[in-house]
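A.B. asks: For reference, this is model.cif, and it has mmCIF, C-alpha atoms and all ligand atoms.
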data_start
#
loop_
_atom_site.label_atom_id
_atom_site.label_comp_id
_atom_site.auth_asym_id
_atom_site.auth_seq_id
_atom_site.Cartn_x
_atom_site.Cartn_y
_atom_site.Cartn_z
CA MET U 1 -66.83 29.17 15.16
CA PRO U 2 -63.22 30.43 14.94
CA ILE U 3 -61.36 30.15 18.20
CA PHE U 4 -60.88 33.94 18.51
CA SER U 5 -64.60 34.69 18.50
CA LYS U 6 -65.29 31.85 20.93
CA TYR U 7 -62.88 33.50 23.41
CA ALA U 8 -64.36 36.91 22.68
CA LEU U 9 -67.78 35.66 23.63
CA MET U 10 -66.60 33.79 26.70
CA ARG U 11 -64.41 36.49 28.29
CA GLY U 12 -65.26 39.71 26.50
CA ALA U 13 -63.17 40.88 23.55
CA ASP U 14 -61.41 43.58 25.58
CA SER U 15 -60.04 41.32 28.23
CA PHE U 16 -58.92 38.80 25.61
CA LEU U 17 -57.02 41.46 23.66
CA GLN U 18 -55.50 42.76 26.87
CA SER U 19 -54.30 39.30 27.77
CA LEU U 20 -52.27 39.26 24.56
CA ARG U 21 -50.28 42.34 25.57
CA PRO U 22 -46.95 41.80 27.29
CA PHE U 23 -47.60 44.34 30.06
CA SER U 24 -50.80 42.56 31.07
CA LEU U 25 -48.81 39.33 31.22
CA PHE U 26 -46.41 41.08 33.55
CA ASN U 27 -49.33 42.33 35.69
CA SER U 28 -50.78 38.87 35.93
CA LEU U 29 -47.36 37.46 36.93
CA ALA U 30 -47.09 40.13 39.62
CA SER U 31 -50.52 39.29 41.03
CA ALA U 32 -49.75 35.56 40.88
CA SER U 33 -46.59 36.22 42.85
CA ALA U 34 -48.56 38.11 45.52
CA SER U 35 -50.64 35.02 46.14
CA ARG U 36 -47.63 32.69 46.36
CA PRO U 37 -45.63 33.02 49.59
CA ALA U 38 -42.71 30.95 48.22
CA LEU U 39 -42.23 33.37 45.35
CA THR U 40 -42.52 36.38 47.66
CA GLN U 41 -39.92 34.85 49.98
CA PHE U 42 -37.68 34.08 46.99
CA ARG U 43 -37.83 37.70 45.80
CA ASP U 44 -37.03 38.94 49.34
CA ILE U 45 -34.00 36.66 49.60
CA LEU U 46 -32.67 37.84 46.23
CA ASN U 47 -33.35 41.50 47.02
CA ASN U 48 -31.48 41.18 50.33
CA GLN U 49 -28.46 39.84 48.48
CA ILE U 50 -28.65 42.60 45.88
CA THR U 51 -28.86 45.22 48.65
CA GLY U 52 -25.84 43.60 50.32
CA ILE U 53 -23.83 43.83 47.10
CA LYS U 54 -24.84 47.48 46.67
CA ASP U 55 -23.97 48.31 50.30
CA ALA U 56 -20.54 46.76 49.80
CA GLY U 57 -20.03 49.09 46.82
CA THR U 58 -19.44 46.13 44.46
CA TYR U 59 -22.66 46.26 42.44
CA LYS U 60 -21.75 46.11 38.75
CA MET U 61 -23.52 48.48 36.39
CA GLU U 62 -23.37 47.67 32.70
CA ARG U 63 -22.83 50.58 30.34
CA VAL U 64 -24.59 50.07 27.04
CA ILE U 65 -22.46 50.43 23.90
CA THR U 66 -24.42 51.56 20.86
CA SER U 67 -21.69 50.96 18.25
CA SER U 68 -19.56 47.98 17.25
CA GLN U 69 -16.73 46.99 19.59
CA SER U 70 -13.77 49.13 18.66
CA THR U 71 -11.19 51.56 20.02
CA GLU U 72 -13.77 54.31 19.41
CA ILE U 73 -17.27 53.56 20.61
CA THR U 74 -20.52 55.33 21.41
CA VAL U 75 -22.17 54.69 24.75
CA GLU U 76 -25.83 55.14 25.66
CA GLY U 77 -26.39 58.45 27.45
CA THR U 78 -23.48 60.30 25.86
CA GLN U 79 -23.29 62.03 22.51
CA LYS U 80 -19.58 62.03 21.80
CA ARG U 81 -17.38 59.16 20.71
CA ILE U 82 -15.37 57.56 23.47
CA LEU U 83 -11.93 55.96 23.39
CA ASN U 84 -12.20 52.42 24.65
CA PHE U 85 -9.42 51.12 26.89
CA CYS U 86 -11.19 48.24 28.58
CA ALA U 87 -11.90 45.57 25.96
CA ASN U 88 -10.02 42.31 25.45
CA ASN U 89 -9.89 43.35 21.79
CA TYR U 90 -6.08 43.16 21.91
CA LEU U 91 -5.59 42.92 18.15
CA GLY U 92 -8.45 45.27 17.24
CA LEU U 93 -10.08 42.55 15.12
CA ALA U 94 -13.60 42.66 16.61
CA ASN U 95 -14.87 44.86 13.78
CA ASN U 96 -12.14 44.24 11.22
CA PRO U 97 -13.75 44.52 7.75
CA GLU U 98 -12.07 41.36 6.38
CA VAL U 99 -13.20 39.35 9.39
CA VAL U 100 -16.77 40.69 9.23
CA SER U 101 -17.00 40.11 5.51
CA TYR U 102 -15.81 36.48 5.77
CA SER U 103 -18.25 35.95 8.59
CA LYS U 104 -21.10 37.18 6.34
CA GLU U 105 -19.89 34.95 3.51
CA LEU U 106 -20.01 31.83 5.66
CA LEU U 107 -23.33 32.90 7.16
CA ASP U 108 -24.77 32.90 3.63
CA LYS U 109 -23.12 29.63 2.69
CA TYR U 110 -23.56 27.57 5.90
CA GLY U 111 -26.52 29.22 7.63
CA ALA U 112 -27.08 30.68 11.08
CA GLY U 113 -26.42 27.59 13.10
CA LEU U 114 -26.46 23.82 13.33
CA SER U 115 -29.32 23.06 15.70
CA SER U 116 -27.23 20.18 16.92
CA VAL U 117 -24.29 19.18 19.04
CA ARG U 118 -21.17 18.18 17.17
CA PHE U 119 -21.56 14.38 17.42
CA ILE U 120 -25.16 14.21 16.23
CA CYS U 121 -25.25 16.37 13.12
CA GLY U 122 -23.40 19.55 14.12
CA THR U 123 -19.97 19.10 12.53
CA GLN U 124 -19.38 21.01 9.30
CA SER U 125 -16.21 21.06 7.23
CA ILE U 126 -15.50 24.55 8.62
CA HIS U 127 -15.38 23.25 12.22
CA LYS U 128 -12.72 20.75 11.17
CA GLU U 129 -10.90 23.45 9.22
CA LEU U 130 -10.77 25.79 12.22
CA GLU U 131 -9.58 23.01 14.54
CA LYS U 132 -6.79 22.23 12.10
CA LYS U 133 -5.73 25.87 11.89
CA ILE U 134 -5.73 26.24 15.68
CA SER U 135 -3.49 23.20 16.13
CA GLN U 136 -1.19 24.47 13.35
CA PHE U 137 -0.97 27.90 14.95
CA HIS U 138 0.02 26.40 18.29
CA GLY U 139 2.19 23.66 16.75
CA ARG U 140 0.08 20.93 18.38
CA GLU U 141 -1.28 17.60 17.15
CA ASP U 142 -4.99 18.42 17.28
CA ALA U 143 -7.61 20.79 18.69
CA ILE U 144 -11.26 20.67 19.80
CA LEU U 145 -13.72 23.59 19.73
CA TYR U 146 -16.10 24.58 22.51
CA ALA U 147 -18.75 27.30 22.80
CA SER U 148 -16.38 29.21 25.10
CA CYS U 149 -13.13 28.80 26.98
CA PHE U 150 -15.24 28.66 30.12
CA ASP U 151 -16.68 25.44 28.68
CA ALA U 152 -13.25 24.18 27.63
CA ASN U 153 -12.04 24.66 31.22
CA ALA U 154 -15.23 23.22 32.68
CA GLY U 155 -14.97 20.12 30.49
CA ILE U 156 -11.35 19.04 30.59
CA PHE U 157 -10.41 18.04 34.14
CA GLU U 158 -13.39 15.79 34.81
CA ALA U 159 -12.82 14.04 31.49
CA ILE U 160 -9.14 13.23 32.02
CA LEU U 161 -8.48 12.94 35.77
CA THR U 162 -9.53 10.21 38.22
CA PRO U 163 -9.19 9.91 42.02
CA ASP U 164 -5.74 8.35 41.41
CA ASP U 165 -4.57 11.63 39.84
CA ALA U 166 -3.72 15.04 41.31
CA VAL U 167 -4.18 18.57 40.05
CA PHE U 168 -1.97 21.45 41.26
CA SER U 169 -3.61 24.79 40.61
CA ASP U 170 -2.39 28.37 41.11
CA GLU U 171 -4.67 30.00 43.72
CA LEU U 172 -5.44 32.94 41.40
CA ASN U 173 -6.43 30.88 38.38
CA HIS U 174 -9.53 31.99 36.46
CA ALA U 175 -12.97 31.12 37.87
CA SER U 176 -13.62 28.68 35.01
CA ILE U 177 -10.53 26.66 35.96
CA ILE U 178 -11.60 26.64 39.60
CA ASP U 179 -15.07 25.43 38.60
CA GLY U 180 -13.66 22.85 36.17
CA ILE U 181 -11.41 21.43 38.88
CA ARG U 182 -14.33 21.32 41.33
CA LEU U 183 -16.13 19.00 38.92
CA CYS U 184 -13.33 16.43 38.73
CA LYS U 185 -12.55 13.65 41.19
CA ALA U 186 -8.77 14.11 41.28
CA GLN U 187 -6.86 15.08 44.45
CA LYS U 188 -7.00 18.88 44.49
CA GLN U 189 -4.01 20.95 45.55
CA ARG U 190 -3.79 24.72 45.40
CA TYR U 191 -0.38 26.42 45.41
CA LYS U 192 0.28 30.03 46.39
CA HIS U 193 0.17 32.47 43.49
CA ARG U 194 3.28 31.93 41.31
CA ASP U 195 5.07 30.48 44.35
CA MET U 196 7.36 27.82 42.96
CA SER U 197 8.67 26.58 46.29
CA ASP U 198 5.09 25.94 47.42
CA LEU U 199 4.38 24.10 44.16
CA GLU U 200 7.55 22.03 44.54
CA LYS U 201 6.69 21.04 48.12
CA GLN U 202 3.29 19.81 46.96
CA LEU U 203 4.66 17.93 43.95
CA GLN U 204 7.34 16.30 46.13
CA SER U 205 4.84 14.80 48.53
CA SER U 206 2.40 13.55 45.88
CA THR U 207 2.13 9.88 44.99
CA ALA U 208 -0.58 10.41 42.38
CA ARG U 209 -0.59 8.50 39.09
CA LEU U 210 -0.90 11.60 36.87
CA LYS U 211 0.15 14.99 38.20
CA LEU U 212 -1.23 18.00 36.33
CA ILE U 213 0.03 21.53 37.01
CA VAL U 214 -2.59 24.10 36.00
CA THR U 215 -2.00 27.81 35.54
CA ASP U 216 -3.22 30.86 33.69
CA GLY U 217 -0.48 31.89 31.26
CA VAL U 218 -1.28 35.54 32.02
CA PHE U 219 -3.37 36.51 35.05
CA SER U 220 -6.07 38.88 33.86
CA MET U 221 -6.50 41.08 36.93
CA ASP U 222 -2.79 41.78 37.40
CA GLY U 223 -1.34 41.44 33.90
CA ASN U 224 1.40 39.28 35.41
CA ILE U 225 2.77 36.12 33.91
CA ALA U 226 3.08 32.54 35.14
CA PRO U 227 6.74 31.55 35.78
CA LEU U 228 6.52 28.99 33.01
CA PRO U 229 10.23 28.05 32.73
CA LYS U 230 10.29 27.08 36.40
CA ILE U 231 6.93 25.30 36.15
CA VAL U 232 8.17 23.24 33.21
CA ASP U 233 11.41 22.41 35.10
CA LEU U 234 9.41 21.24 38.11
CA ALA U 235 7.15 19.21 35.83
CA ALA U 236 10.22 17.48 34.39
CA LYS U 237 11.71 16.88 37.85
CA TYR U 238 8.50 15.40 39.33
CA ASP U 239 7.17 13.82 36.14
CA ALA U 240 4.11 16.05 35.91
CA LEU U 241 2.11 17.49 32.99
CA VAL U 242 1.53 21.21 32.39
CA PHE U 243 -1.75 22.89 31.39
CA ILE U 244 -2.00 26.61 30.63
CA ASP U 245 -4.96 28.87 29.98
CA GLU U 246 -3.89 31.31 27.28
CA CYS U 247 -7.01 33.49 27.02
CA HIS U 248 -4.96 36.64 27.68
CA ALA U 249 -2.00 35.63 25.53
CA THR U 250 -3.05 33.82 22.35
CA GLY U 251 -2.60 35.88 19.22
CA PHE U 252 -0.68 38.81 20.68
CA PHE U 253 1.73 37.84 23.45
CA GLY U 254 5.24 36.70 22.55
CA ALA U 255 7.08 37.87 19.43
CA THR U 256 4.58 36.38 16.95
CA GLY U 257 1.56 36.06 19.24
CA ARG U 258 2.04 32.37 20.11
CA GLY U 259 1.54 33.21 23.77
CA THR U 260 3.30 32.66 27.06
CA GLU U 261 5.50 29.82 25.80
CA GLU U 262 6.82 32.09 23.07
CA TYR U 263 7.30 34.99 25.49
CA TYR U 264 9.73 32.75 27.39
CA ASN U 265 11.27 31.26 24.20
CA MET U 266 10.05 27.81 25.04
CA LEU U 267 7.57 26.97 22.28
CA GLY U 268 6.11 23.47 22.48
CA ARG U 269 7.07 22.79 26.12
CA VAL U 270 3.56 22.88 27.58
CA ASP U 271 1.36 19.78 27.26
CA ILE U 272 -2.15 21.24 27.09
CA ILE U 273 -3.35 24.71 26.04
CA ASN U 274 -6.87 26.07 26.51
CA SER U 275 -7.76 29.41 24.99
CA THR U 276 -10.57 31.60 23.69
CA LEU U 277 -11.74 33.00 20.37
CA GLY U 278 -13.68 35.62 22.36
CA LYS U 279 -10.86 38.04 23.10
CA ALA U 280 -7.96 38.81 20.74
CA LEU U 281 -9.04 36.35 18.04
CA GLY U 282 -11.98 38.36 16.68
CA GLY U 283 -13.85 38.66 19.96
CA ALA U 284 -16.96 36.73 18.88
CA ALA U 285 -17.17 33.57 20.99
CA GLY U 286 -15.71 30.11 21.26
CA GLY U 287 -12.91 28.35 23.06
CA TYR U 288 -10.68 25.37 22.48
CA THR U 289 -8.26 22.81 23.83
CA THR U 290 -5.17 21.96 21.82
CA GLY U 291 -2.61 19.27 22.62
CA PRO U 292 -1.87 15.55 22.12
CA LYS U 293 -4.22 13.79 19.66
CA GLU U 294 -5.26 11.17 22.25
CA LEU U 295 -6.40 13.95 24.58
CA ILE U 296 -8.52 15.57 21.88
CA ARG U 297 -9.95 12.21 20.87
CA LEU U 298 -10.96 11.48 24.47
CA LEU U 299 -12.47 14.93 25.01
CA ARG U 300 -14.74 14.38 22.00
CA GLN U 301 -16.01 11.24 23.77
CA LYS U 302 -16.25 12.45 27.35
CA SER U 303 -16.15 16.23 27.77
CA ARG U 304 -19.65 17.25 28.83
CA PRO U 305 -19.80 20.88 27.59
CA TYR U 306 -18.69 19.55 24.18
CA LEU U 307 -21.07 16.59 24.12
CA PHE U 308 -24.14 18.35 25.45
CA SER U 309 -24.00 21.85 23.96
CA ASN U 310 -24.65 23.26 20.51
CA SER U 311 -21.97 23.54 17.80
CA LEU U 312 -20.35 26.90 17.17
CA PRO U 313 -22.39 28.87 14.59
CA PRO U 314 -20.81 29.28 11.13
CA PRO U 315 -20.29 33.09 11.30
CA VAL U 316 -18.36 32.58 14.55
CA VAL U 317 -16.31 29.76 13.05
CA ALA U 318 -15.59 32.04 10.08
CA THR U 319 -14.22 34.71 12.41
CA GLY U 320 -11.81 32.19 13.91
CA ILE U 321 -10.68 30.89 10.51
CA LYS U 322 -10.05 34.38 9.12
CA VAL U 323 -8.17 35.55 12.21
CA MET U 324 -6.00 32.41 12.27
CA ASP U 325 -5.13 33.00 8.60
CA MET U 326 -4.20 36.61 9.34
CA LEU U 327 -2.01 35.67 12.31
CA MET U 328 -0.21 32.88 10.48
CA HIS U 329 0.50 35.29 7.66
CA SER U 330 1.82 38.28 9.62
CA ASP U 331 2.90 39.28 13.13
CA GLN U 332 2.34 43.00 12.48
CA LEU U 333 -0.63 43.28 14.86
CA SER U 334 1.08 41.58 17.79
CA GLN U 335 4.13 43.83 17.25
CA ARG U 336 1.86 46.85 17.30
CA VAL U 337 0.05 45.96 20.53
CA GLN U 338 3.45 45.40 22.12
CA SER U 339 4.79 48.81 21.08
CA ASN U 340 1.57 50.55 22.22
CA THR U 341 1.86 48.73 25.55
CA LYS U 342 5.43 49.91 26.07
CA ARG U 343 4.46 53.47 25.21
CA PHE U 344 1.61 53.47 27.75
CA ARG U 345 3.49 51.72 30.57
CA ASP U 346 6.58 53.93 30.18
CA ALA U 347 4.61 57.21 30.12
CA MET U 348 2.38 56.27 33.06
CA THR U 349 5.31 55.13 35.20
CA LYS U 350 7.17 58.34 34.36
CA ALA U 351 4.11 60.33 35.44
CA GLY U 352 4.24 58.64 38.86
CA PHE U 353 1.56 55.95 38.59
CA VAL U 354 2.14 52.42 39.80
CA ILE U 355 1.36 49.99 36.99
CA GLY U 356 1.01 46.30 37.90
CA GLY U 357 2.09 43.34 35.79
CA GLU U 358 4.89 42.93 33.30
CA ASN U 359 5.18 43.94 29.62
CA HIS U 360 1.56 42.99 29.00
CA PRO U 361 -1.28 45.05 27.46
CA ILE U 362 -3.26 44.50 30.66
CA CYS U 363 -2.00 47.52 32.60
CA PRO U 364 -3.54 47.76 36.09
CA VAL U 365 -3.23 51.33 37.39
CA MET U 366 -3.01 50.62 41.12
CA LEU U 367 -5.09 52.95 43.31
CA GLY U 368 -5.85 50.92 46.47
CA ASP U 369 -9.20 52.39 47.51
CA ALA U 370 -12.38 51.02 45.88
CA ARG U 371 -14.30 54.29 45.90
CA LEU U 372 -11.30 56.18 44.49
CA ALA U 373 -11.09 53.65 41.64
CA SER U 374 -14.76 54.13 40.85
CA ILE U 375 -14.61 57.96 40.97
CA PHE U 376 -11.40 57.91 38.91
CA ALA U 377 -13.06 55.76 36.20
CA ASP U 378 -16.10 58.11 36.08
CA GLN U 379 -13.85 61.15 35.67
CA MET U 380 -11.93 59.40 32.89
CA LEU U 381 -15.22 58.76 31.09
CA SER U 382 -16.15 62.41 31.32
CA ARG U 383 -12.84 63.08 29.54
CA GLY U 384 -13.79 60.61 26.79
CA ILE U 385 -11.76 57.61 28.01
CA TYR U 386 -13.60 54.41 28.86
CA VAL U 387 -11.84 52.44 31.61
CA ILE U 388 -13.22 50.36 34.48
CA GLY U 389 -12.39 50.35 38.18
CA PHE U 390 -11.97 46.90 39.73
CA SER U 391 -12.39 46.34 43.43
CA TYR U 392 -13.12 43.57 45.95
CA PRO U 393 -14.24 40.78 45.45
CA VAL U 394 -12.81 40.75 41.92
CA VAL U 395 -9.41 41.79 43.33
CA PRO U 396 -8.18 41.61 46.97
CA LYS U 397 -9.41 44.23 49.47
CA GLY U 398 -7.26 47.39 49.41
CA LYS U 399 -5.96 46.59 45.91
CA ALA U 400 -8.54 48.42 43.83
CA ARG U 401 -7.33 49.53 40.46
CA ILE U 402 -8.25 50.71 37.02
CA ARG U 403 -7.49 48.02 34.51
CA VAL U 404 -6.38 49.54 31.23
CA GLN U 405 -6.19 47.27 28.20
CA ILE U 406 -4.18 48.31 25.19
CA SER U 407 -5.03 47.29 21.64
CA ALA U 408 -3.12 47.11 18.38
CA ALA U 409 -5.89 49.29 16.95
CA HIS U 410 -5.09 52.21 19.28
CA THR U 411 -3.09 54.91 17.56
CA THR U 412 -0.14 56.49 19.37
CA ASP U 413 -2.34 59.59 19.69
CA ASP U 414 -5.01 57.49 21.44
CA VAL U 415 -2.41 56.18 23.89
CA ASP U 416 -1.03 59.67 24.55
CA HIS U 417 -4.54 61.04 24.98
CA ALA U 418 -5.33 58.37 27.59
CA VAL U 419 -2.09 59.10 29.48
CA ALA U 420 -2.88 62.84 29.47
CA ALA U 421 -6.36 62.16 30.90
CA PHE U 422 -4.87 59.89 33.59
CA VAL U 423 -2.39 62.59 34.57
CA ASP U 424 -5.12 65.22 34.68
CA VAL U 425 -7.49 63.12 36.83
CA GLY U 426 -4.59 61.71 38.89
CA LYS U 427 -3.51 65.23 39.85
CA SER U 428 -7.02 66.44 40.64
CA LEU U 429 -7.64 63.39 42.89
CA LYS U 430 -4.14 63.69 44.40
CA VAL U 431 -3.02 60.24 43.24
CA ILE U 432 0.10 61.77 41.67
CA LYS U 433 1.82 65.11 42.17
N1 LIG U 501 -9.93 31.92 31.15
C1 LIG U 501 -9.52 33.18 31.39
C2 LIG U 501 -8.16 33.41 31.98
C3 LIG U 501 -10.36 34.28 31.10
O1 LIG U 501 -9.97 35.52 31.34
C4 LIG U 501 -11.64 34.01 30.53
C5 LIG U 501 -12.58 35.12 30.21
O2 LIG U 501 -12.78 36.04 30.95
C6 LIG U 501 -12.02 32.69 30.30
C7 LIG U 501 -11.15 31.66 30.62
C8 LIG U 501 -13.34 32.37 29.68
O3 LIG U 501 -13.28 32.65 28.31
P1 LIG U 501 -14.61 32.70 27.43
O4 LIG U 501 -15.07 34.11 27.42
O5 LIG U 501 -14.20 32.18 26.08
O6 LIG U 501 -15.59 31.80 28.11
#
Turn the structure described in the file into structure tokens.
Ligand code: PLP
C.D. replies:
Amino acid sequence: MPIFSKYALMRGADSFLQSLRPFSLFNSLASASASRPALTQFRDILNNQITGIKDAGTYKMERVITSSQSTEITVEGTQKRILNFCANNYLGLANNPEVVSYSKELLDKYGAGLSSVRFICGTQSIHKELEKKISQFHGREDAILYASCFDANAGIFEAILTPDDAVFSDELNHASIIDGIRLCKAQKQRYKHRDMSDLEKQLQSSTARLKLIVTDGVFSMDGNIAPLPKIVDLAAKYDALVFIDECHATGFFGATGRGTEEYYNMLGRVDIINSTLGKALGGAAGGYTTGPKELIRLLRQKSRPYLFSNSLPPPVVATGIKVMDMLMHSDQLSQRVQSNTKRFRDAMTKAGFVIGGENHPICPVMLGDARLASIFADQMLSRGIYVIGFSYPVVPKGKARIRVQISAAHTTDDVDHAVAAFVDVGKSLKVIK
């Protein structure tokens, strides 16, 4: 007798069919949970935390975009197209036709994915090609790919530092750096944000074998920049190494998009660079470390997110390859994001807003109050401009803001339109006169 009819006889056909339906599965999970005190307690604990986050006004709602990522998007619940000013799509390449088409080409040729980590059977020629292009772009000896820059940051410190070594980290470094450092056994020192005398004091008193200074190149909440010339001077004086995270710089910051080093005219002075393919460089996914060849060789042996996580899928690798080719061929896009940024910052400052950071497409419009930032962002959306309010705990208490991000793909009209909406809302909420 076929298995279906056996079940039908045993339990009744109706109940069997019902058990195949997802909502009945949900019902049976719910009744199972009612009879399990541990699960009930678990749900209560989680719900209390969620309520706490909501009461604090920091609960994050996710708006659902129904188009591709672009300067003009559609968002669930609204009919009209909306101008997007809150993506890390600095070069506007997330839906670039050349990038998408190359991604499709390599999808056809190399398949959807590797079903393997790199060292078992997950390395294709295109992974090697992208690593080569990344190291060429940065003028480094070699590069290693990760599934994300979060992984690159999580995997580097533990692999290279021992208890004999010391790491000196800016207190406002990205969460992934903080977590990566937590995982390593080195002596951990945190210096005050961009405070070079604090860093020097700590370097002076260290007797560690290796000293590694770690900083974001550009700090993403403030759009401000690490004082790299001074950091490199201190590294030379105290025989330390320098690591920078260039997620908010690679591809668009500095005259030709080489990042913070180039912004300060000091290309090649930093020892280790970590960055992402998930922001300016096509916005898909992926991260990397680039630097000395011995470092990259060791990371392939020891770095856990590299060793124990799947290879980057071919369409994502294709995105990186195409974008690297475009950037090594022309600096037009980085020039454009820089001129759009100047236009926005100048007009907003003239209108009376306080814009944080320096010369960077991350333009925090400082408002102070968390609720004001949230209301402001909602009113901008009703005027067709998508921006997000940031408040505690993402930024310090009393320093709520709207973080605007400018893209090379914005037209000057888009920028002017956003400024006009800011002025309009700013006046109605009495932020400016
Ligand atoms: N480092 C910085 C400074 C970032 O802003 C981010 C992303 O938000 C990351 C690392 C993580 O990058 P990815 O999205 O590639 O994991």
A.B. asks: Using all atoms listed in the file, tabulate the residues of chain U lying at most 7 Å from any atom of ligand LIG 501 (chain U), each with its closest atom pair and that distance in Å to one decimal, by chain and increasing residue number, as CSV.
C.D. replies:
residue,atom,partner,partner_atom,distance
U:Ser148,CA,U:LIG501,O5,3.8
U:Cys149,CA,U:LIG501,O5,3.7
U:Phe150,CA,U:LIG501,O6,3.7
U:Asp151,CA,U:LIG501,O6,6.5
U:His174,CA,U:LIG501,C2,4.9
U:Ser176,CA,U:LIG501,C7,5.9
U:Asp216,CA,U:LIG501,C2,5.8
U:Phe219,CA,U:LIG501,C2,6.5
U:Ser220,CA,U:LIG501,O1,5.7
U:Asp245,CA,U:LIG501,C2,5.9
U:Glu246,CA,U:LIG501,C2,6.7
U:Cys247,CA,U:LIG501,C1,5.0
U:His248,CA,U:LIG501,C2,6.3
U:Ser275,CA,U:LIG501,C7,6.9
U:Thr276,CA,U:LIG501,O5,4.4
U:Leu277,CA,U:LIG501,O5,6.3
U:Gly278,CA,U:LIG501,O5,5.1
U:Ala285,CA,U:LIG501,O5,6.1
U:Gly286,CA,U:LIG501,O5,5.5
U:Gly287,CA,U:LIG501,O5,5.0
A.B. asks: Find the spatial neighbours of Tyr263 in chain U, counting all atoms listed in the file, within a cut-off of 12 Å - ignore same-chain residues fewer than 5 positions away - and output them as a PyMOL selection string.
C.D. replies: chain U and resi 217-218+225-229+246+249-258+268+334+338+358-360
A.B. asks: Any chance you could export the current selection's C-alpha atoms as a PDB file, in the frame of the given file?
C.D. replies:
ATOM      1  CA  GLY U 217      -0.480  31.890  31.260  1.00  0.00           C
ATOM      2  CA  VAL U 218      -1.280  35.540  32.020  1.00  0.00           C
ATOM      3  CA  ILE U 225       2.770  36.120  33.910  1.00  0.00           C
ATOM      4  CA  ALA U 226       3.080  32.540  35.140  1.00  0.00           C
ATOM      5  CA  PRO U 227       6.740  31.550  35.780  1.00  0.00           C
ATOM      6  CA  LEU U 228       6.520  28.990  33.010  1.00  0.00           C
ATOM      7  CA  PRO U 229      10.230  28.050  32.730  1.00  0.00           C
ATOM      8  CA  GLU U 246      -3.890  31.310  27.280  1.00  0.00           C
ATOM      9  CA  ALA U 249      -2.000  35.630  25.530  1.00  0.00           C
ATOM     10  CA  THR U 250      -3.050  33.820  22.350  1.00  0.00           C
ATOM     11  CA  GLY U 251      -2.600  35.880  19.220  1.00  0.00           C
ATOM     12  CA  PHE U 252      -0.680  38.810  20.680  1.00  0.00           C
ATOM     13  CA  PHE U 253       1.730  37.840  23.450  1.00  0.00           C
ATOM     14  CA  GLY U 254       5.240  36.700  22.550  1.00  0.00           C
ATOM     15  CA  ALA U 255       7.080  37.870  19.430  1.00  0.00           C
ATOM     16  CA  THR U 256       4.580  36.380  16.950  1.00  0.00           C
ATOM     17  CA  GLY U 257       1.560  36.060  19.240  1.00  0.00           C
ATOM     18  CA  ARG U 258       2.040  32.370  20.110  1.00  0.00           C
ATOM     19  CA  GLY U 268       6.110  23.470  22.480  1.00  0.00           C
ATOM     20  CA  SER U 334       1.080  41.580  17.790  1.00  0.00           C
ATOM     21  CA  GLN U 338       3.450  45.400  22.120  1.00  0.00           C
ATOM     22  CA  GLU U 358       4.890  42.930  33.300  1.00  0.00           C
ATOM     23  CA  ASN U 359       5.180  43.940  29.620  1.00  0.00           C
ATOM     24  CA  HIS U 360       1.560  42.990  29.000  1.00  0.00           C
TER      25      HIS U 360
END
A.B. asks: Using all atoms listed in the file, find the one residue out of U:Arg36, U:Lys302, U:Lys279, U:Arg343 that sits nearest to Asp413 in chain U.
C.D. replies: U:Arg343
A.B. asks: Nearest to Asn153 in chain U: which of U:Ala421, U:Ala175, U:Leu429, U:Ala351 is it, counting only C-alpha atoms?
C.D. replies: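 The closest residue to Asn153 in chain U is U:Ala175.
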A.B. asks: Quick check, in Å to one decimal: how far apart do CA of Met61 in chain U and CA of Tyr90 in chain U lie?
C.D. replies: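 Interatomic distance here is 23.3 Å.
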A.B. asks: Using all atoms listed in the file, which residue out of U:Asn265, U:Ser309, U:Ala166, U:Lys230 lies closest to Ser197 in chain U?
C.D. replies: U:Lys230
A.B. asks: In terms of the shortest atom-to-atom distance over only C-alpha atoms, which of U:Leu307, U:Ala409, U:Ala373, U:Leu39 is closest to Ala147 in chain U?
C.D. replies: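 When distances to Ala147 in chain U are compared using only C-alpha atoms, the smallest one comes from U:Leu307.
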A.B. asks: Please return range 279-283 of chain U, rebuilt to N, CA, C and O atoms, as a short mmCIF file (atom, residue, chain, number, x, y, z; two decimals), in the frame of the given file.
C.D. replies:
data_model
loop_
_atom_site.label_atom_id
_atom_site.label_comp_id
_atom_site.auth_asym_id
_atom_site.auth_seq_id
_atom_site.Cartn_x
_atom_site.Cartn_y
_atom_site.Cartn_z
N LYS U 279 -11.61 36.85 22.69
CA LYS U 279 -10.86 38.04 23.10
C LYS U 279 -10.05 38.56 21.90
O LYS U 279 -10.62 39.20 21.03
N ALA U 280 -8.75 38.25 21.84
CA ALA U 280 -7.96 38.81 20.74
C ALA U 280 -8.37 38.27 19.37
O ALA U 280 -8.24 38.95 18.36
N LEU U 281 -8.85 37.02 19.33
CA LEU U 281 -9.04 36.35 18.04
C LEU U 281 -10.41 36.67 17.42
O LEU U 281 -11.17 35.78 17.05
N GLY U 282 -10.73 37.94 17.33
CA GLY U 282 -11.98 38.36 16.68
C GLY U 282 -13.06 38.73 17.67
O GLY U 282 -14.00 39.43 17.33
N GLY U 283 -12.96 38.21 18.90
CA GLY U 283 -13.85 38.66 19.96
C GLY U 283 -15.29 38.17 19.87
O GLY U 283 -16.16 38.69 20.57
#
